[in-house]
Amino acid sequence: MHGFLSRSLQLFGRALRLRCPNCGQGKLFTSWLRMRDRCPVCGLKLERGEEGYQVGSYMFNIVAAELIFAAVFVGVVVVTWPTPPWKLLQYGGIGLMVIAPFAFFPFSKTLFLAFDLLFRPAGCDELAHPAGDTGRTR
């Protein structure tokens, strides 16, 4: 159990830094919304090829946006009780629900990849040598 917990923390910690959960080093995004095909360091295929794989990261994104909205909503209501700013919450909530998925997008991709790697570790067929490296020892 201790190994599973430490492996989980390692994978998710790397993912939160937007690094490759497998090796912890590769810069996975070319822009905020564009993920590379493979990790530039370990060569891990980032879209793991299963049918419907992208749905998992989309679900992570939707759940995160909803949790952020719920936390902000409850926080504002508690802090401003007994007269919460209902109009601000209504319109601010709409804005937050539009902005949050874009803000969380790269994190949802790397966190879902970490989650997937936790239960399905990368096989040799998913790892490729980074560009320019043939894998031969020198």
# chains A, B, ... in the order shown; residues from 1 in each chain; ligands from 1
$ residues_around --residues "stretch 114-128 of chain A" --least-positions-apart "3" --cutoff "10 Å" --atoms "only C-alpha atoms" --output "PyMOL selection string"
chain A and resi 4+7-16+20-22+38-49+53+56-57+108-111+131+133-135
$ select_by_dssp --residues "stretch 11-98 of chain A" --states "alpha helix (DSSP H)" --output "PyMOL selection string"
chain A and resi 11-16+53-80+86-98
$ closest_residue --among "A:Tyr91, A:Phe29, A:Trp81, A:Phe105" --to "A:Phe69" --atoms "only C-alpha atoms"
A:Tyr91
$ residues_around --residues "A:Gln90" --least-positions-apart "3" --cutoff "12 Å" --atoms "only C-alpha atoms" --output "MDAnalysis selection string"
chainID A and resid 69 72:73 76:77 84:87 93:97
$ write_last_selection --atoms "C-alpha atoms" --output "CSV table (one decimal), in the first residue's frame"
chain,number,residue,atom,x,y,z
A,69,PHE,CA,-17.5,26.7,-9.0
A,72,VAL,CA,-16.2,29.5,-4.8
A,73,PHE,CA,-20.0,29.7,-4.5
A,76,VAL,CA,-18.7,33.5,-1.0
A,77,VAL,CA,-22.1,32.6,0.6
A,84,PRO,CA,-24.9,37.0,-0.2
A,85,PRO,CA,-24.4,38.9,-3.5
A,86,TRP,CA,-26.8,36.7,-5.5
A,87,LYS,CA,-26.5,38.7,-8.7
A,93,GLY,CA,-20.8,31.7,-11.8
A,94,ILE,CA,-21.5,31.8,-15.5
A,95,GLY,CA,-18.2,33.5,-16.2
A,96,LEU,CA,-16.3,31.0,-14.0
A,97,MET,CA,-18.0,28.0,-15.7
$ atom_distance --atom1 "atom CA of A:Arg17" --atom2 "atom CA of A:Asp37"
18.1 Å
$ atom_distance --atom1 "atom CA of A:Leu28" --atom2 "atom CA of A:His2"
28.4 Å
$ select_by_dssp --residues "chain A" --states "strand (DSSP E or B)" --output "list in words"
Arg19, Lys27, Phe29, Thr30, Ser31, Arg34, Met35, Arg38 and Lys45 of chain A
$ closest_residue --among "A:Pro106, A:Gly3, A:Gly92, A:Arg36" --to "A:Tyr58" --atoms "only C-alpha atoms"
A:Pro106
$ atom_distance --atom1 "atom CA of A:Gly24" --atom2 "atom CA of A:Leu113"
12.4 Å
$ closest_residue --among "A:Asn61, A:Ser6, A:Glu66, A:Leu18" --to "A:Met35" --atoms "only C-alpha atoms"
A:Leu18
$ closest_residue --among "A:Val78, A:Leu33, A:Cys23, A:Ile99" --to "A:Ala65" --atoms "only C-alpha atoms"
A:Ile99
